[in-house]
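*Asks:* To start, I am sharing the structure in question, which I have written as structure tokens.
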Amino acid sequence: MLPQTQRVSANGIELAYQSFGDPAQPTILLIMGLGTQMIAWPEPMCQALAGLGYHVVRYDNRDVGESTWITGSAPSLAKVALGREQPVYRMSDMADDAVGLLDALGIDQAHVVGASLGGFIAQTVVLAHPDRVMSMSLMMTSTGSKRVGRPKPALARQLMKSRDIPDRAAAIAATVAVFTEISSPGYPIDQAELRRMVSLSFDRGFNPEGRLRQLTAAVVQPNRTKQLGKVAKPTLVMHGLADPLINPSGGLALAEVIPGAKFVGFSGMAHDLPRPLVPTFVSEIAEVAGRAS
């Protein structure tokens with residue numbers, strides 16, 4: 001049974017979140033990726049971390065699920081990339097959302113975990129608000145440099161297209177197809193579970209324009225490589241070695257530039273969170289969080 005979804009005002013918007021475990025314990029903040037809702041964080045992973053004595057918080061980013069949807073059409077990705085148009089918001093705004101959520105919950109510091117675009121947000125949080133972060137775990141993400149972490153060209157073109165989805169069934173089918181394409185070849189995806197999660201996500205809030213607005217924020221994100229060299233927080237980098245969306249070179253670059261960072265690569269893992277690897281994710285996150293303590 002999913003925990004109750006609650007909402008708070010943060011950074012001028014409203015964020016929907018769920019929590020697991022005792023709020024009096026150290027907090028692990030889970031930040032999900034592009035256009036993906038908090039329920040994509042596997043519940044067994046959240047429960048297992050809570051069972052180790054952590055207060056686990058996952059939330060919907062702006063423009064996703066039950067959090068505030070920003071108004072205004074997404075600008076052209078090509079024009080944003082060329083500097084001819086500006087994004088509606090930037091990665092720094094999404095990082096301020098995360099800090100605003102901590103503020104609203106009365107949490108001074110957290111162990112921050114970010115997946116994919118959530119990893120971009122997590123890095124931005126630690127660089128802009130280092131006093132709020134105890135440790136950082138980055139999953140299937142990159143530095144912001146255009147030289148590393150590049151997606152396969154055909155996949156990038158497919159994901160950047162705006163689709164006119166006629167109805168619920170078509171939207172669910174299209175989303176299932178995308179998640180299947182980026183799923184791990186070494187860990188066959190459970191299609192029934194995937195369809196259940198995608199269906200629930202649609203019913204919580206289907207916002208394709210929001211995904212495009214997030215994507216434009218990612219397109220103009222800065223190259224954080226030099227700044228990351230000054231990070232003084234225990235850091236874990238986990239990456240699927242078969243990732244077609246963010247090439248493993250992105251994760252390797254993070255581990256190389258962040259002082260003392262630990263890199264864990266998973267053969268057969270692509271751009272998802274395979275359930276058989278959840279116990280390993282949990283133990284690695286807990287280990288780096290323990291180093292911070």
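Residue numbering restarts at 1 in every chain; chains get A, B, ... in the order shown in the structure tokens, and ligands count up from 1 in that same order.
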Apply DSSP to the structure's backbone, then extract all residues of region 40-122 of chain A labelled strand (DSSP E) and return them as a list in words.
*Replies:*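 Those in region 40-122 of chain A that DSSP calls strand (DSSP E) are His55, Val56, Val57, Arg58, Tyr59, Ala110, His111, Val112, Val113, Gly114 and Ala115 of chain A.
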*Asks:* Using only C-alpha atoms, I'd like a table of the residues in region 163-257 of chain A that come within 8 Å of region 70-89 of chain A; for each, show the closest atom pair and its distance in Å rounded to one decimal, ordered by chain and ascending number, as CSV.
*Replies:*
residue,atom,partner,partner_atom,distance
A:Glu209,CA,A:Ala74,CA,6.1
A:Gly210,CA,A:Ile70,CA,7.2
A:Leu212,CA,A:Ala74,CA,5.9
A:Arg213,CA,A:Ala74,CA,5.0
A:Gln214,CA,A:Tyr89,CA,7.9
A:Leu215,CA,A:Leu77,CA,7.9
A:Thr216,CA,A:Pro87,CA,5.7
A:Ala217,CA,A:Pro87,CA,5.9
A:Val219,CA,A:Ala81,CA,6.3
A:Val220,CA,A:Ala81,CA,6.6
*Asks:* When you count only C-alpha atoms, which of these residues is closest to Leu200 (chain A): A:Leu155, A:Ala122, A:Cys46, A:Ala40?
*Replies:* A:Ala40
*Asks:* Met136 (chain A): which residues within 9 Å, counting only C-alpha atoms, same-chain residues fewer than 5 positions away excluded, as a ChimeraX atom specification?
*Replies:* /A:110-114,122-123,126,233-237,285,288-289
*Asks:* Keeping only all heavy atoms, write those residues as a compact mmCIF listing (two decimals), in the first residue's frame.
*Replies:*
# COMPACT_ATOMS: atom_id res chain seq x y z
N ALA A 110 19.99 16.59 4.17
CA ALA A 110 19.51 15.31 3.66
C ALA A 110 20.60 14.62 2.87
O ALA A 110 21.53 15.26 2.34
CB ALA A 110 18.27 15.52 2.78
N HIS A 111 20.49 13.31 2.79
CA HIS A 111 21.26 12.53 1.84
C HIS A 111 20.48 12.59 0.53
O HIS A 111 19.32 12.16 0.48
CB HIS A 111 21.39 11.08 2.31
CG HIS A 111 22.05 10.94 3.66
ND1 HIS A 111 23.40 11.08 3.85
CD2 HIS A 111 21.51 10.69 4.89
CE1 HIS A 111 23.68 10.91 5.12
NE2 HIS A 111 22.56 10.67 5.78
N VAL A 112 21.08 13.14 -0.51
CA VAL A 112 20.36 13.41 -1.75
C VAL A 112 20.68 12.32 -2.78
O VAL A 112 21.85 12.01 -3.03
CB VAL A 112 20.72 14.79 -2.30
CG1 VAL A 112 20.01 15.06 -3.62
CG2 VAL A 112 20.36 15.87 -1.29
N VAL A 113 19.62 11.74 -3.36
CA VAL A 113 19.76 10.68 -4.37
C VAL A 113 19.03 11.15 -5.62
O VAL A 113 17.83 11.45 -5.57
CB VAL A 113 19.16 9.35 -3.88
CG1 VAL A 113 19.33 8.27 -4.94
CG2 VAL A 113 19.80 8.92 -2.56
N GLY A 114 19.73 11.21 -6.76
CA GLY A 114 19.10 11.65 -7.99
C GLY A 114 19.34 10.68 -9.12
O GLY A 114 20.44 10.16 -9.30
N ALA A 122 20.26 16.99 -8.35
CA ALA A 122 21.01 16.71 -7.13
C ALA A 122 22.37 17.41 -7.14
O ALA A 122 22.80 18.00 -6.13
CB ALA A 122 21.20 15.21 -6.95
N GLN A 123 23.07 17.37 -8.28
CA GLN A 123 24.36 18.06 -8.38
C GLN A 123 24.20 19.56 -8.20
O GLN A 123 25.02 20.22 -7.55
CB GLN A 123 24.99 17.78 -9.74
CG GLN A 123 25.40 16.34 -9.97
CD GLN A 123 25.70 16.09 -11.44
OE1 GLN A 123 26.54 16.77 -12.03
NE2 GLN A 123 25.02 15.13 -12.04
N VAL A 126 23.80 20.33 -4.49
CA VAL A 126 25.03 20.27 -3.67
C VAL A 126 25.97 21.42 -4.00
O VAL A 126 26.71 21.90 -3.11
CB VAL A 126 25.73 18.90 -3.85
CG1 VAL A 126 26.51 18.83 -5.14
CG2 VAL A 126 26.65 18.60 -2.66
N LYS A 233 31.57 16.21 -0.38
CA LYS A 233 30.58 15.35 0.24
C LYS A 233 30.83 13.91 -0.21
O LYS A 233 31.21 13.67 -1.36
CB LYS A 233 29.16 15.76 -0.18
CG LYS A 233 28.83 17.21 0.07
CD LYS A 233 28.72 17.52 1.56
CE LYS A 233 28.36 19.00 1.77
NZ LYS A 233 28.25 19.32 3.21
N PRO A 234 30.61 12.93 0.68
CA PRO A 234 30.70 11.53 0.24
C PRO A 234 29.76 11.31 -0.94
O PRO A 234 28.58 11.68 -0.88
CB PRO A 234 30.26 10.74 1.47
CG PRO A 234 30.54 11.65 2.62
CD PRO A 234 30.27 13.04 2.11
N THR A 235 30.29 10.75 -2.01
CA THR A 235 29.52 10.63 -3.25
C THR A 235 29.61 9.23 -3.82
O THR A 235 30.69 8.64 -3.88
CB THR A 235 30.01 11.65 -4.30
OG1 THR A 235 29.85 12.98 -3.78
CG2 THR A 235 29.23 11.53 -5.60
N LEU A 236 28.45 8.74 -4.28
CA LEU A 236 28.33 7.46 -4.95
C LEU A 236 27.79 7.71 -6.36
O LEU A 236 26.87 8.51 -6.55
CB LEU A 236 27.35 6.56 -4.18
CG LEU A 236 26.84 5.31 -4.88
CD1 LEU A 236 27.95 4.28 -5.04
CD2 LEU A 236 25.66 4.71 -4.09
N VAL A 237 28.37 7.04 -7.34
CA VAL A 237 27.89 7.11 -8.71
C VAL A 237 27.57 5.69 -9.18
O VAL A 237 28.45 4.83 -9.19
CB VAL A 237 28.93 7.75 -9.66
CG1 VAL A 237 28.39 7.80 -11.09
CG2 VAL A 237 29.33 9.14 -9.18
N ILE A 285 23.70 2.97 -1.29
CA ILE A 285 23.25 4.28 -0.81
C ILE A 285 23.44 4.38 0.70
O ILE A 285 23.89 5.40 1.22
CB ILE A 285 21.79 4.53 -1.20
CG1 ILE A 285 21.68 4.69 -2.72
CG2 ILE A 285 21.21 5.75 -0.49
CD1 ILE A 285 20.24 4.67 -3.25
N VAL A 288 27.23 4.95 1.56
CA VAL A 288 27.75 6.31 1.39
C VAL A 288 27.11 7.25 2.40
O VAL A 288 27.76 8.18 2.91
CB VAL A 288 27.57 6.82 -0.06
CG1 VAL A 288 26.12 7.19 -0.36
CG2 VAL A 288 28.47 8.01 -0.35
N ALA A 289 25.84 7.02 2.74
CA ALA A 289 25.19 7.83 3.77
C ALA A 289 25.86 7.60 5.13
O ALA A 289 26.04 8.53 5.92
CB ALA A 289 23.71 7.49 3.85
*Asks:* If we count only C-alpha atoms, what is near Val231 (chain A) at a cut-off of 8 Å, once residues fewer than 2 positions away on the same chain are taken out, given as JSON, numbers by chain?
*Replies:* {"A": [126, 127, 227, 228, 229, 233, 258, 259]}
*Asks:* I'd like to know which of A:Ser92, A:Thr68, A:Ser19, A:Thr175 is closest to Gln221 (chain A), using only C-alpha atoms.
*Replies:* A:Ser92
*Asks:* Rounded to one decimal place, report the CA of Glu193 (chain A)-CA of His239 (chain A) distance in Å.
*Replies:*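 Here the two named atoms are 22.5 Å from each other.
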*Asks:* Go through A:Pro274, A:Pro130, A:Ile182, A:Ala173 and flag the residue nearest Arg195 (chain A), using only C-alpha atoms for the distances.
*Replies:*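 Answer, going by the shortest atom-to-atom distance: A:Ala173.
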*Asks:* Do you know which residues are at most 10 Å from Gly149 (chain A) counting only C-alpha atoms, after dropping those on the same chain fewer than 3 positions away, and could you put them as a list in words?
*Replies:*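 Counting only C-alpha atoms, the residues come to Met140, Thr141, Ser142, Thr143, Gly144, Ser145, Lys146, Lys152, Asp243, Pro244, Leu245, Ile246, Asn247, Pro248, Ser249, Gly250, Gly251, Leu252 and Ala253 of chain A.
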*Asks:* Which of region 1-221 of chain A end up as helix (DSSP H, G or I) when DSSP is run on this backbone - answer as a ChimeraX atom specification?
*Replies:* /A:38-40,43-51,77-81,91-104,117-128,130-132,153-160,168-181,191-204,208-219
*Asks:* Contacts of Ile172 (chain A) at 9 Å or less, counting only C-alpha atoms, minus same-chain residues fewer than 2 places along, as a PDB file with N, CA and C atoms, in the first residue's frame?
*Replies:*
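Saved file part.pdb follows:
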ATOM      1  N   ASP A 167      -5.738   9.516 -26.634  1.00  0.00           N
ATOM      2  CA  ASP A 167      -6.533   9.068 -25.491  1.00  0.00           C
ATOM      3  C   ASP A 167      -5.651   8.341 -24.476  1.00  0.00           C
ATOM      4  N   ARG A 168      -6.260   7.905 -23.368  1.00  0.00           N
ATOM      5  CA  ARG A 168      -5.536   7.268 -22.278  1.00  0.00           C
ATOM      6  C   ARG A 168      -4.810   6.016 -22.744  1.00  0.00           C
ATOM      7  N   ALA A 169      -5.504   5.164 -23.481  1.00  0.00           N
ATOM      8  CA  ALA A 169      -4.904   3.897 -23.919  1.00  0.00           C
ATOM      9  C   ALA A 169      -3.676   4.141 -24.793  1.00  0.00           C
ATOM     10  N   ALA A 170      -3.778   5.114 -25.700  1.00  0.00           N
ATOM     11  CA  ALA A 170      -2.649   5.405 -26.586  1.00  0.00           C
ATOM     12  C   ALA A 170      -1.485   6.002 -25.809  1.00  0.00           C
ATOM     13  N   ALA A 174       2.186   4.287 -25.563  1.00  0.00           N
ATOM     14  CA  ALA A 174       3.381   5.000 -26.017  1.00  0.00           C
ATOM     15  C   ALA A 174       4.427   5.087 -24.912  1.00  0.00           C
ATOM     16  N   THR A 175       3.985   5.344 -23.691  1.00  0.00           N
ATOM     17  CA  THR A 175       4.919   5.453 -22.573  1.00  0.00           C
ATOM     18  C   THR A 175       5.543   4.103 -22.242  1.00  0.00           C
ATOM     19  N   VAL A 176       4.749   3.051 -22.261  1.00  0.00           N
ATOM     20  CA  VAL A 176       5.278   1.705 -22.035  1.00  0.00           C
ATOM     21  C   VAL A 176       6.340   1.376 -23.079  1.00  0.00           C
ATOM     22  N   ALA A 177       6.089   1.762 -24.325  1.00  0.00           N
ATOM     23  CA  ALA A 177       7.044   1.482 -25.400  1.00  0.00           C
ATOM     24  C   ALA A 177       8.383   2.186 -25.152  1.00  0.00           C
ATOM     25  N   ARG A 195       3.215  -1.632 -16.894  1.00  0.00           N
ATOM     26  CA  ARG A 195       1.924  -1.080 -17.324  1.00  0.00           C
ATOM     27  C   ARG A 195       1.130  -0.552 -16.119  1.00  0.00           C
ATOM     28  N   VAL A 198       2.751   2.823 -15.219  1.00  0.00           N
ATOM     29  CA  VAL A 198       2.454   3.836 -16.234  1.00  0.00           C
ATOM     30  C   VAL A 198       0.989   4.252 -16.168  1.00  0.00           C
ATOM     31  N   SER A 199       0.102   3.290 -15.954  1.00  0.00           N
ATOM     32  CA  SER A 199      -1.329   3.609 -15.848  1.00  0.00           C
ATOM     33  C   SER A 199      -1.601   4.489 -14.641  1.00  0.00           C
ATOM     34  N   PHE A 202      -0.411   7.977 -15.387  1.00  0.00           N
ATOM     35  CA  PHE A 202      -1.351   8.716 -16.247  1.00  0.00           C
ATOM     36  C   PHE A 202      -2.504   9.255 -15.418  1.00  0.00           C
TER      37      PHE A 202
END
*Asks:* Could you list, as an MDAnalysis selection string, every residue within 8 Å of Gly35 (chain A), counting only C-alpha atoms and ignoring same-chain residues fewer than 5 positions away?
*Replies:* chainID A and resid 63:64 207:208 210:211 214
*Asks:* Closest to Gly119 (chain A) among A:Asp203, A:Gly290, A:Gly265, A:Leu254, using only C-alpha atoms?
*Replies:*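 Looking only at the distances to Gly119 (chain A), the closest residue turns out to be A:Leu254.
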*Asks:* Point out the residue among A:Met91, A:Ala242, A:Ala50, A:Arg204 with the least atom-to-atom distance to Pro151 (chain A), counting only C-alpha atoms.
*Replies:*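 Result for the nearest residue to Pro151 (chain A): A:Ala242.
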*Asks:* Compare A:Phe179, A:Tyr59, A:Phe263, A:Phe281 by their minimum atom-to-atom distance to Gln6 (chain A), counting only C-alpha atoms, and give me the closest one.
*Replies:*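 Of the candidates, the smallest distance to Gln6 (chain A) is held by A:Tyr59.
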